[in-house]
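Q: Contents of my_file_26.txt (compact mmCIF, N, CA and C atoms and all ligand atoms) are below:
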```txt
# COMPACT_ATOMS: atom_id res chain seq x y z
N MET A 7 6.27 28.90 -43.38
CA MET A 7 5.42 28.72 -42.18
C MET A 7 6.19 29.04 -40.91
N ALA A 8 7.42 28.48 -40.83
CA ALA A 8 8.25 28.72 -39.65
C ALA A 8 8.58 30.20 -39.53
N LYS A 9 8.79 30.84 -40.68
CA LYS A 9 9.13 32.25 -40.70
C LYS A 9 7.99 33.09 -40.13
N ARG A 10 6.79 32.75 -40.54
CA ARG A 10 5.62 33.49 -40.05
C ARG A 10 5.50 33.35 -38.53
N TYR A 11 5.75 32.16 -38.05
CA TYR A 11 5.69 31.87 -36.63
C TYR A 11 6.68 32.77 -35.87
N LEU A 12 7.85 32.92 -36.44
CA LEU A 12 8.88 33.78 -35.82
C LEU A 12 8.42 35.23 -35.75
N TRP A 13 7.81 35.71 -36.83
CA TRP A 13 7.30 37.09 -36.84
C TRP A 13 6.27 37.28 -35.75
N ILE A 14 5.41 36.29 -35.57
CA ILE A 14 4.37 36.40 -34.54
C ILE A 14 5.01 36.46 -33.15
N LEU A 15 6.00 35.62 -32.96
CA LEU A 15 6.72 35.62 -31.68
C LEU A 15 7.35 36.98 -31.41
N LEU A 16 7.99 37.52 -32.44
CA LEU A 16 8.66 38.81 -32.32
C LEU A 16 7.64 39.89 -31.97
N PHE A 17 6.50 39.83 -32.63
CA PHE A 17 5.43 40.80 -32.40
C PHE A 17 5.02 40.78 -30.92
N PHE A 18 4.81 39.60 -30.38
CA PHE A 18 4.38 39.50 -28.98
C PHE A 18 5.48 39.96 -28.03
N ALA A 19 6.73 39.66 -28.39
CA ALA A 19 7.85 40.07 -27.54
C ALA A 19 7.90 41.59 -27.46
N LEU A 20 7.71 42.25 -28.60
CA LEU A 20 7.75 43.72 -28.63
C LEU A 20 6.59 44.31 -27.84
N CYS A 21 5.42 43.71 -27.98
CA CYS A 21 4.24 44.19 -27.25
C CYS A 21 4.45 44.12 -25.75
N GLN A 22 4.97 43.01 -25.32
CA GLN A 22 5.17 42.80 -23.88
C GLN A 22 6.12 43.83 -23.31
N LYS A 23 7.16 44.13 -24.08
CA LYS A 23 8.15 45.08 -23.62
C LYS A 23 7.52 46.45 -23.40
N GLU A 24 6.57 46.78 -24.23
CA GLU A 24 5.93 48.09 -24.17
C GLU A 24 4.94 48.20 -23.02
N GLU A 25 4.56 47.10 -22.43
CA GLU A 25 3.50 47.12 -21.42
C GLU A 25 3.88 47.84 -20.13
N ILE A 26 5.18 47.86 -19.82
CA ILE A 26 5.63 48.47 -18.58
C ILE A 26 6.55 49.64 -18.91
N GLY A 27 6.17 50.83 -18.47
CA GLY A 27 7.03 51.99 -18.67
C GLY A 27 7.78 52.31 -17.37
N LEU A 28 9.08 52.51 -17.47
CA LEU A 28 9.89 52.80 -16.28
C LEU A 28 10.65 54.10 -16.55
N LYS A 29 10.26 55.16 -15.84
CA LYS A 29 10.81 56.49 -16.16
C LYS A 29 11.57 57.10 -14.99
N ASP A 30 12.58 57.89 -15.31
CA ASP A 30 13.33 58.72 -14.36
C ASP A 30 13.81 57.98 -13.11
N PRO A 31 14.52 56.88 -13.28
CA PRO A 31 15.00 56.17 -12.08
C PRO A 31 16.20 56.89 -11.44
N TYR A 32 16.14 57.12 -10.13
CA TYR A 32 17.29 57.71 -9.45
C TYR A 32 17.35 57.26 -7.99
N VAL A 33 18.55 57.37 -7.46
CA VAL A 33 18.81 57.01 -6.06
C VAL A 33 19.35 58.26 -5.38
N HIS A 34 18.87 58.54 -4.19
CA HIS A 34 19.44 59.66 -3.43
C HIS A 34 20.84 59.32 -2.96
N LEU A 35 21.76 60.26 -3.15
CA LEU A 35 23.10 60.10 -2.60
C LEU A 35 22.98 60.24 -1.08
N PRO A 36 23.34 59.19 -0.33
CA PRO A 36 23.18 59.31 1.14
C PRO A 36 24.23 60.25 1.72
N PRO A 37 23.92 60.91 2.83
CA PRO A 37 24.93 61.73 3.48
C PRO A 37 26.12 60.86 3.89
N THR A 38 27.30 61.45 3.95
CA THR A 38 28.51 60.69 4.29
C THR A 38 28.29 59.92 5.60
N GLY A 39 28.67 58.67 5.59
CA GLY A 39 28.54 57.85 6.79
C GLY A 39 27.23 57.09 6.89
N SER A 40 26.24 57.51 6.11
CA SER A 40 24.95 56.83 6.15
C SER A 40 24.95 55.62 5.21
N GLN A 41 24.38 54.53 5.66
CA GLN A 41 24.32 53.32 4.84
C GLN A 41 22.91 53.04 4.35
N LEU A 42 22.11 54.11 4.39
CA LEU A 42 20.70 53.97 4.11
C LEU A 42 20.32 54.96 3.01
N THR A 43 19.61 54.49 2.00
CA THR A 43 19.08 55.45 1.02
C THR A 43 17.85 54.88 0.33
N ALA A 44 17.29 55.65 -0.58
CA ALA A 44 16.07 55.23 -1.25
C ALA A 44 16.18 55.45 -2.75
N ALA A 45 15.46 54.60 -3.49
CA ALA A 45 15.43 54.68 -4.95
C ALA A 45 14.01 55.04 -5.39
N PHE A 46 13.93 55.83 -6.46
CA PHE A 46 12.64 56.32 -6.95
C PHE A 46 12.55 56.17 -8.46
N LEU A 47 11.33 56.03 -8.96
CA LEU A 47 11.07 56.06 -10.40
C LEU A 47 9.57 56.13 -10.61
N THR A 48 9.19 56.34 -11.86
CA THR A 48 7.76 56.32 -12.19
C THR A 48 7.48 55.04 -12.97
N ILE A 49 6.46 54.32 -12.54
CA ILE A 49 6.10 53.05 -13.19
C ILE A 49 4.76 53.24 -13.92
N GLN A 50 4.78 52.93 -15.21
CA GLN A 50 3.55 53.05 -16.01
C GLN A 50 3.05 51.67 -16.39
N ASN A 51 1.77 51.47 -16.20
CA ASN A 51 1.13 50.22 -16.58
C ASN A 51 0.31 50.48 -17.84
N LYS A 52 0.78 49.97 -18.96
CA LYS A 52 0.09 50.25 -20.22
C LYS A 52 -0.83 49.11 -20.64
N SER A 53 -1.09 48.20 -19.73
CA SER A 53 -1.95 47.07 -20.07
C SER A 53 -3.33 47.25 -19.45
N ARG A 54 -4.19 46.27 -19.66
CA ARG A 54 -5.55 46.34 -19.11
C ARG A 54 -5.71 45.55 -17.82
N GLU A 55 -4.59 45.06 -17.31
CA GLU A 55 -4.65 44.33 -16.04
C GLU A 55 -3.72 44.98 -15.03
N ASN A 56 -3.98 44.70 -13.75
CA ASN A 56 -3.12 45.25 -12.71
C ASN A 56 -1.67 44.85 -12.93
N LEU A 57 -0.78 45.80 -12.70
CA LEU A 57 0.65 45.50 -12.70
C LEU A 57 1.08 45.53 -11.24
N ILE A 58 1.78 44.50 -10.81
CA ILE A 58 2.17 44.42 -9.40
C ILE A 58 3.69 44.32 -9.27
N LEU A 59 4.27 45.26 -8.55
CA LEU A 59 5.69 45.18 -8.22
C LEU A 59 5.77 44.37 -6.93
N GLU A 60 6.35 43.18 -7.04
CA GLU A 60 6.31 42.26 -5.89
C GLU A 60 7.57 42.32 -5.05
N LYS A 61 8.67 42.75 -5.67
CA LYS A 61 9.93 42.69 -4.96
C LYS A 61 10.97 43.50 -5.73
N ALA A 62 11.93 44.04 -5.01
CA ALA A 62 13.07 44.69 -5.67
C ALA A 62 14.33 44.13 -5.06
N TYR A 63 15.38 44.08 -5.87
CA TYR A 63 16.65 43.57 -5.37
C TYR A 63 17.79 44.42 -5.90
N ALA A 64 18.60 44.95 -4.98
CA ALA A 64 19.79 45.71 -5.37
C ALA A 64 21.01 45.01 -4.81
N GLU A 65 21.91 44.66 -5.69
CA GLU A 65 23.14 43.98 -5.30
C GLU A 65 23.95 44.81 -4.29
N ILE A 66 23.82 46.14 -4.43
CA ILE A 66 24.66 47.05 -3.64
C ILE A 66 24.26 47.10 -2.15
N ALA A 67 23.05 46.65 -1.83
CA ALA A 67 22.57 46.73 -0.45
C ALA A 67 22.37 45.34 0.13
N GLU A 68 22.49 45.24 1.46
CA GLU A 68 22.25 43.94 2.08
C GLU A 68 20.76 43.59 2.05
N LEU A 69 19.94 44.64 2.07
CA LEU A 69 18.50 44.42 2.10
C LEU A 69 17.81 45.46 1.22
N THR A 70 16.87 45.01 0.41
CA THR A 70 16.09 45.93 -0.43
C THR A 70 14.62 45.72 -0.08
N GLU A 71 13.93 46.81 0.27
CA GLU A 71 12.51 46.68 0.65
C GLU A 71 11.66 47.70 -0.08
N LEU A 72 10.40 47.35 -0.30
CA LEU A 72 9.41 48.31 -0.80
C LEU A 72 8.83 49.03 0.41
N HIS A 73 8.83 50.35 0.37
CA HIS A 73 8.38 51.14 1.53
C HIS A 73 7.32 52.15 1.17
N GLU A 74 6.54 52.53 2.18
CA GLU A 74 5.68 53.69 2.05
C GLU A 74 5.95 54.62 3.21
N THR A 75 5.69 55.90 3.00
CA THR A 75 5.83 56.89 4.06
C THR A 75 4.44 57.25 4.55
N TYR A 76 4.28 57.36 5.85
CA TYR A 76 2.98 57.74 6.39
C TYR A 76 3.19 58.72 7.55
N LEU A 77 2.13 59.39 7.91
CA LEU A 77 2.22 60.39 8.98
C LEU A 77 1.71 59.80 10.28
N GLU A 78 2.48 60.02 11.34
CA GLU A 78 2.02 59.61 12.66
C GLU A 78 2.32 60.75 13.61
N GLU A 79 1.28 61.34 14.17
CA GLU A 79 1.42 62.52 15.03
C GLU A 79 2.32 63.57 14.37
N ASN A 80 2.01 63.84 13.11
CA ASN A 80 2.75 64.84 12.33
C ASN A 80 4.21 64.50 12.04
N MET A 81 4.59 63.27 12.33
CA MET A 81 5.95 62.83 12.02
C MET A 81 5.89 61.89 10.82
N ALA A 82 6.79 62.11 9.86
CA ALA A 82 6.86 61.21 8.72
C ALA A 82 7.61 59.95 9.13
N ARG A 83 6.94 58.82 9.00
CA ARG A 83 7.59 57.54 9.28
C ARG A 83 7.45 56.66 8.06
N MET A 84 8.17 55.56 8.05
CA MET A 84 8.02 54.66 6.90
C MET A 84 7.96 53.21 7.34
N ARG A 85 7.35 52.42 6.49
CA ARG A 85 7.23 50.99 6.81
C ARG A 85 7.28 50.19 5.51
N ALA A 86 7.65 48.90 5.67
CA ALA A 86 7.71 48.00 4.52
C ALA A 86 6.30 47.62 4.10
N ILE A 87 6.11 47.47 2.80
CA ILE A 87 4.82 47.00 2.28
C ILE A 87 5.09 45.78 1.40
N PRO A 88 4.10 44.87 1.27
CA PRO A 88 4.35 43.62 0.54
C PRO A 88 4.48 43.81 -0.96
N ASN A 89 3.79 44.79 -1.53
CA ASN A 89 3.88 45.01 -2.98
C ASN A 89 3.31 46.37 -3.34
N LEU A 90 3.46 46.73 -4.59
CA LEU A 90 2.88 47.98 -5.11
C LEU A 90 2.02 47.62 -6.30
N VAL A 91 0.77 48.07 -6.29
CA VAL A 91 -0.14 47.75 -7.39
C VAL A 91 -0.35 49.00 -8.26
N ILE A 92 -0.13 48.84 -9.57
CA ILE A 92 -0.38 49.93 -10.51
C ILE A 92 -1.60 49.53 -11.34
N SER A 93 -2.65 50.33 -11.26
CA SER A 93 -3.90 49.95 -11.91
C SER A 93 -3.78 50.01 -13.44
N PRO A 94 -4.70 49.35 -14.14
CA PRO A 94 -4.65 49.32 -15.61
C PRO A 94 -4.60 50.73 -16.19
N SER A 95 -3.72 50.93 -17.13
CA SER A 95 -3.51 52.22 -17.79
C SER A 95 -3.14 53.32 -16.80
N GLY A 96 -2.65 52.94 -15.63
CA GLY A 96 -2.29 53.93 -14.62
C GLY A 96 -0.79 54.08 -14.48
N GLU A 97 -0.42 55.04 -13.65
CA GLU A 97 1.00 55.16 -13.34
C GLU A 97 1.19 55.49 -11.87
N LEU A 98 2.31 55.08 -11.34
CA LEU A 98 2.60 55.31 -9.92
C LEU A 98 3.97 55.95 -9.83
N GLN A 99 4.02 57.06 -9.12
CA GLN A 99 5.29 57.77 -8.97
C GLN A 99 5.88 57.44 -7.60
N LEU A 100 7.03 56.80 -7.60
CA LEU A 100 7.75 56.63 -6.36
C LEU A 100 8.55 57.91 -6.16
N LYS A 101 8.37 58.55 -4.99
CA LYS A 101 9.02 59.85 -4.79
C LYS A 101 9.24 60.09 -3.31
N PRO A 102 10.11 61.04 -2.98
CA PRO A 102 10.37 61.34 -1.56
C PRO A 102 9.08 61.69 -0.84
N GLY A 103 8.89 61.14 0.36
CA GLY A 103 7.69 61.39 1.14
C GLY A 103 6.53 60.49 0.75
N SER A 104 6.79 59.53 -0.13
CA SER A 104 5.73 58.63 -0.59
C SER A 104 6.32 57.22 -0.75
N TYR A 105 5.88 56.52 -1.76
CA TYR A 105 6.45 55.18 -1.99
C TYR A 105 7.90 55.26 -2.43
N HIS A 106 8.69 54.30 -2.02
CA HIS A 106 10.09 54.26 -2.45
C HIS A 106 10.66 52.86 -2.30
N ILE A 107 11.80 52.65 -2.90
CA ILE A 107 12.53 51.39 -2.73
C ILE A 107 13.65 51.69 -1.76
N MET A 108 13.64 50.99 -0.62
CA MET A 108 14.60 51.29 0.45
C MET A 108 15.82 50.40 0.29
N LEU A 109 16.99 51.04 0.30
CA LEU A 109 18.25 50.29 0.24
C LEU A 109 18.89 50.36 1.62
N ILE A 110 19.01 49.21 2.26
CA ILE A 110 19.44 49.15 3.66
C ILE A 110 20.81 48.48 3.76
N ASN A 111 21.70 49.09 4.53
CA ASN A 111 23.07 48.61 4.70
C ASN A 111 23.81 48.50 3.37
N LEU A 112 24.13 49.65 2.82
CA LEU A 112 24.89 49.70 1.57
C LEU A 112 26.25 49.05 1.77
N LYS A 113 26.69 48.30 0.77
CA LYS A 113 27.96 47.57 0.90
C LYS A 113 29.17 48.46 0.60
N ARG A 114 28.93 49.58 -0.06
CA ARG A 114 30.02 50.55 -0.31
C ARG A 114 29.41 51.93 -0.46
N GLU A 115 30.31 52.95 -0.50
CA GLU A 115 29.84 54.32 -0.67
C GLU A 115 29.39 54.55 -2.11
N LEU A 116 28.34 55.36 -2.28
CA LEU A 116 27.87 55.71 -3.62
C LEU A 116 28.49 57.03 -4.04
N LYS A 117 28.59 57.22 -5.36
CA LYS A 117 29.10 58.49 -5.89
C LYS A 117 28.02 59.11 -6.76
N ALA A 118 27.90 60.43 -6.68
CA ALA A 118 26.93 61.13 -7.54
C ALA A 118 27.27 60.85 -9.00
N GLY A 119 26.27 60.54 -9.79
CA GLY A 119 26.46 60.33 -11.22
C GLY A 119 26.62 58.88 -11.63
N GLU A 120 26.97 58.01 -10.69
CA GLU A 120 27.10 56.59 -11.08
C GLU A 120 25.72 55.96 -11.21
N LYS A 121 25.69 54.81 -11.88
CA LYS A 121 24.39 54.15 -12.09
C LYS A 121 24.36 52.79 -11.41
N ILE A 122 23.32 52.58 -10.64
CA ILE A 122 23.17 51.38 -9.83
C ILE A 122 22.08 50.49 -10.43
N PRO A 123 22.39 49.25 -10.76
CA PRO A 123 21.32 48.38 -11.27
C PRO A 123 20.43 47.86 -10.14
N ILE A 124 19.14 47.93 -10.34
CA ILE A 124 18.19 47.35 -9.39
C ILE A 124 17.23 46.46 -10.17
N GLU A 125 17.02 45.25 -9.65
CA GLU A 125 16.11 44.31 -10.30
C GLU A 125 14.70 44.53 -9.75
N LEU A 126 13.76 44.69 -10.66
CA LEU A 126 12.36 44.87 -10.27
C LEU A 126 11.58 43.63 -10.69
N TYR A 127 10.95 42.98 -9.74
CA TYR A 127 10.18 41.76 -10.02
C TYR A 127 8.70 42.09 -10.07
N PHE A 128 8.16 42.07 -11.28
CA PHE A 128 6.73 42.31 -11.47
C PHE A 128 5.99 41.00 -11.62
N ASN A 129 4.67 41.05 -11.47
CA ASN A 129 3.87 39.85 -11.74
C ASN A 129 3.98 39.44 -13.20
N ARG A 130 4.49 40.34 -14.05
CA ARG A 130 4.66 40.01 -15.46
C ARG A 130 6.12 39.89 -15.86
N GLY A 131 6.96 39.60 -14.88
CA GLY A 131 8.36 39.36 -15.22
C GLY A 131 9.30 40.37 -14.59
N LYS A 132 10.57 40.11 -14.79
CA LYS A 132 11.62 40.90 -14.15
C LYS A 132 12.17 41.96 -15.10
N ARG A 133 12.49 43.13 -14.56
CA ARG A 133 13.19 44.16 -15.33
C ARG A 133 14.41 44.60 -14.53
N VAL A 134 15.49 44.87 -15.23
CA VAL A 134 16.66 45.43 -14.56
C VAL A 134 16.78 46.89 -15.00
N VAL A 135 16.80 47.78 -14.02
CA VAL A 135 16.80 49.21 -14.33
C VAL A 135 18.05 49.85 -13.72
N LEU A 136 18.67 50.76 -14.47
CA LEU A 136 19.82 51.51 -13.95
C LEU A 136 19.33 52.80 -13.30
N PHE A 137 19.62 52.95 -12.02
CA PHE A 137 19.22 54.14 -11.26
C PHE A 137 20.43 55.05 -11.10
N GLU A 138 20.26 56.32 -11.49
CA GLU A 138 21.36 57.27 -11.36
C GLU A 138 21.41 57.84 -9.95
N VAL A 139 22.61 57.89 -9.39
CA VAL A 139 22.78 58.45 -8.05
C VAL A 139 22.79 59.97 -8.14
N LYS A 140 21.85 60.61 -7.41
CA LYS A 140 21.74 62.07 -7.46
C LYS A 140 21.74 62.63 -6.05
N GLU A 141 22.30 63.83 -5.90
CA GLU A 141 22.25 64.49 -4.61
C GLU A 141 20.83 64.92 -4.34
N ALA A 142 20.37 64.70 -3.11
CA ALA A 142 19.03 65.11 -2.73
C ALA A 142 19.01 66.63 -2.63
N SER A 143 17.93 67.24 -3.10
CA SER A 143 17.84 68.70 -2.97
C SER A 143 17.65 69.03 -1.50
N ALA A 144 18.03 70.24 -1.12
CA ALA A 144 18.02 70.65 0.29
C ALA A 144 16.64 70.45 0.92
N MET A 145 15.61 70.72 0.14
CA MET A 145 14.25 70.61 0.67
C MET A 145 13.88 69.20 1.11
N MET A 146 14.46 68.23 0.46
CA MET A 146 14.03 66.86 0.71
C MET A 146 14.93 66.13 1.69
N HIS A 147 15.87 66.86 2.28
CA HIS A 147 16.85 66.19 3.14
C HIS A 147 16.21 65.45 4.31
N ALA A 148 15.11 65.99 4.81
CA ALA A 148 14.49 65.39 6.00
C ALA A 148 13.84 64.05 5.69
N GLN A 149 13.48 63.85 4.42
CA GLN A 149 12.71 62.64 4.10
C GLN A 149 13.55 61.63 3.31
N PRO A 150 13.48 60.40 3.67
CA PRO A 150 14.23 59.41 2.90
C PRO A 150 13.56 59.15 1.55
CU CU B 201 12.04 53.65 3.58
```
Please express what this file holds, its structure, as structure tokens.
Ligand SMILES: [Cu+2]
A:
Amino acid sequence: MAKRYLWILLFFALCQKEEIGLKDPYVHLPPTGSQLTAAFLTIQNKSRENLILEKAYAEIAELTELHETYLEENMARMRAIPNLVISPSGELQLKPGSYHIMLINLKRELKAGEKIPIELYFNRGKRVVLFEVKEASAMMHAQP
């Protein structure tokens, strides 16, 4: 009986893990001297209920915020948002010029190729994801 109970627990644990897909996490390598950068990834919601990213935390930065980019008089600006909602069976791509995780006041310099852990707090629990530091392509230099 106890054994069966364990199998059921294991089954639910595996299911829960599959509910959130986290793909292609990366952080832009900031230009020398800059203490500001952004992290991106694709979040997949494989459940039938809204998935909400409520908060992100990166040890490497003094402040971690969820941001969106918007246009104001043809200028790209960004602002903090309280959360990100991924609809049931949907996916949301955090990318340059759109939603991103802002890392403010980096505590040390980043190197291309290293991996930075960032904690993602969802309404369904916390995930720790390793984000690879990558050089921003020339085209995207203007946008955080
Ligand atoms: Cu930002």
Q: Ligand CU 201 (chain B): which residues are within 6 Å, counting only N, CA and C atoms and all ligand atoms, as a list in words?
A: His73, Glu74, Met84, Arg85, Ile107 and Met108 of chain A
Q: May I have the residues within 7 Å of Leu136 (chain A) as a PyMOL selection string, using only C-alpha atoms and disregarding those fewer than 6 positions away in the same chain?
A: chain A and resi 31+121-124
Q: Would you output that residue set with N, CA and C atoms, as a short mmCIF file (atom, residue, chain, number, x, y, z; two decimals), keeping the file's coordinate frame?
A:
```cif
data_model
loop_
_atom_site.label_atom_id
_atom_site.label_comp_id
_atom_site.auth_asym_id
_atom_site.auth_seq_id
_atom_site.Cartn_x
_atom_site.Cartn_y
_atom_site.Cartn_z
N PRO A 31 14.52 56.88 -13.28
CA PRO A 31 15.00 56.17 -12.08
C PRO A 31 16.20 56.89 -11.44
N LYS A 121 25.69 54.81 -11.88
CA LYS A 121 24.39 54.15 -12.09
C LYS A 121 24.36 52.79 -11.41
N ILE A 122 23.32 52.58 -10.64
CA ILE A 122 23.17 51.38 -9.83
C ILE A 122 22.08 50.49 -10.43
N PRO A 123 22.39 49.25 -10.76
CA PRO A 123 21.32 48.38 -11.27
C PRO A 123 20.43 47.86 -10.14
N ILE A 124 19.14 47.93 -10.34
CA ILE A 124 18.19 47.35 -9.39
C ILE A 124 17.23 46.46 -10.17
#
```
Q: Which is closest to Gln99 (chain A) among A:Ile58, A:Ile49, A:Leu16, A:Leu116, if we use only C-alpha atoms?
A: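 Of the candidates, the smallest distance to Gln99 (chain A) is held by A:Ile49.
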Q: Between atom N of Lys140 (chain A) and atom N of Ala62 (chain A), what is the distance, to one decimal in Å?
A: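 Going from atom N of Lys140 (chain A) over to atom N of Ala62 (chain A), I get 19.5 Å.
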Q: Report the residues of chain A whose backbone DSSP state falls under alpha helix (DSSP H), written as a list in words.
A: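 Answer for chain A restricted to alpha helix (DSSP H) is Ala8, Lys9, Arg10, Tyr11, Leu12, Trp13, Ile14, Leu15, Leu16, Phe17, Phe18, Ala19, Leu20, Cys21, Gln22, Lys23 and Glu24 of chain A.
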Q: Which one is closest to Thr48 (chain A): A:Leu69, A:Leu28, A:Ala64, A:Leu90? Count only N, CA and C atoms.
A: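 Counting only N, CA and C atoms, the residue closest to Thr48 (chain A) is A:Leu28.
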Q: Hey, can you check how far CA of Phe46 (chain A) sits from CA of Glu138 (chain A)?
A: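 Answer for the CA of Phe46 (chain A) to CA of Glu138 (chain A) separation: 9.8 Å.
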Q: Could you list, as a list in words, every residue within 5 Å of Lys52 (chain A), counting all atoms listed in the file and ignoring same-chain residues fewer than 5 positions away?
A: Glu25, Ile26 and Ser95 of chain A
Q: Selected residues, N, CA and C atoms, written as a PDB file, keeping the file's coordinate frame, please.
A:
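Final output, out.pdb:
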```pdb
ATOM      1  N   GLU A  25       4.560  47.100 -22.430  1.00  0.00           N
ATOM      2  CA  GLU A  25       3.500  47.120 -21.420  1.00  0.00           C
ATOM      3  C   GLU A  25       3.880  47.840 -20.130  1.00  0.00           C
ATOM      4  N   ILE A  26       5.180  47.860 -19.820  1.00  0.00           N
ATOM      5  CA  ILE A  26       5.630  48.470 -18.580  1.00  0.00           C
ATOM      6  C   ILE A  26       6.550  49.640 -18.910  1.00  0.00           C
ATOM      7  N   SER A  95      -3.720  50.930 -17.130  1.00  0.00           N
ATOM      8  CA  SER A  95      -3.510  52.220 -17.790  1.00  0.00           C
ATOM      9  C   SER A  95      -3.140  53.320 -16.800  1.00  0.00           C
TER      10      SER A  95
END
```
Q: Please measure the separation of atom N of Leu72 (chain A) and atom C of Val134 (chain A), giving the value in Å to one decimal.
A: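 Pair atom N of Leu72 (chain A) / atom C of Val134 (chain A) returns 16.0 Å.
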Q: What are the DSSP strand (DSSP E) residues of region 48-106 of chain A, as a PyMOL selection string?
A: chain A and resi 48-51+57-64+67-78+81-86+90-92+97-99+106
Q: May I ask which of the residues A:His34, A:Lys113, A:Arg130, A:Arg10 is the closest one to Glu65 (chain A), counting all atoms listed in the file?
A: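 Answer, going by the shortest atom-to-atom distance: A:Lys113.
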Q: Determine the nearest neighbour of Tyr32 (chain A) from the options A:Arg83, A:Lys101, A:Arg114, A:Lys132, counting only C-alpha atoms.
A: A:Lys101
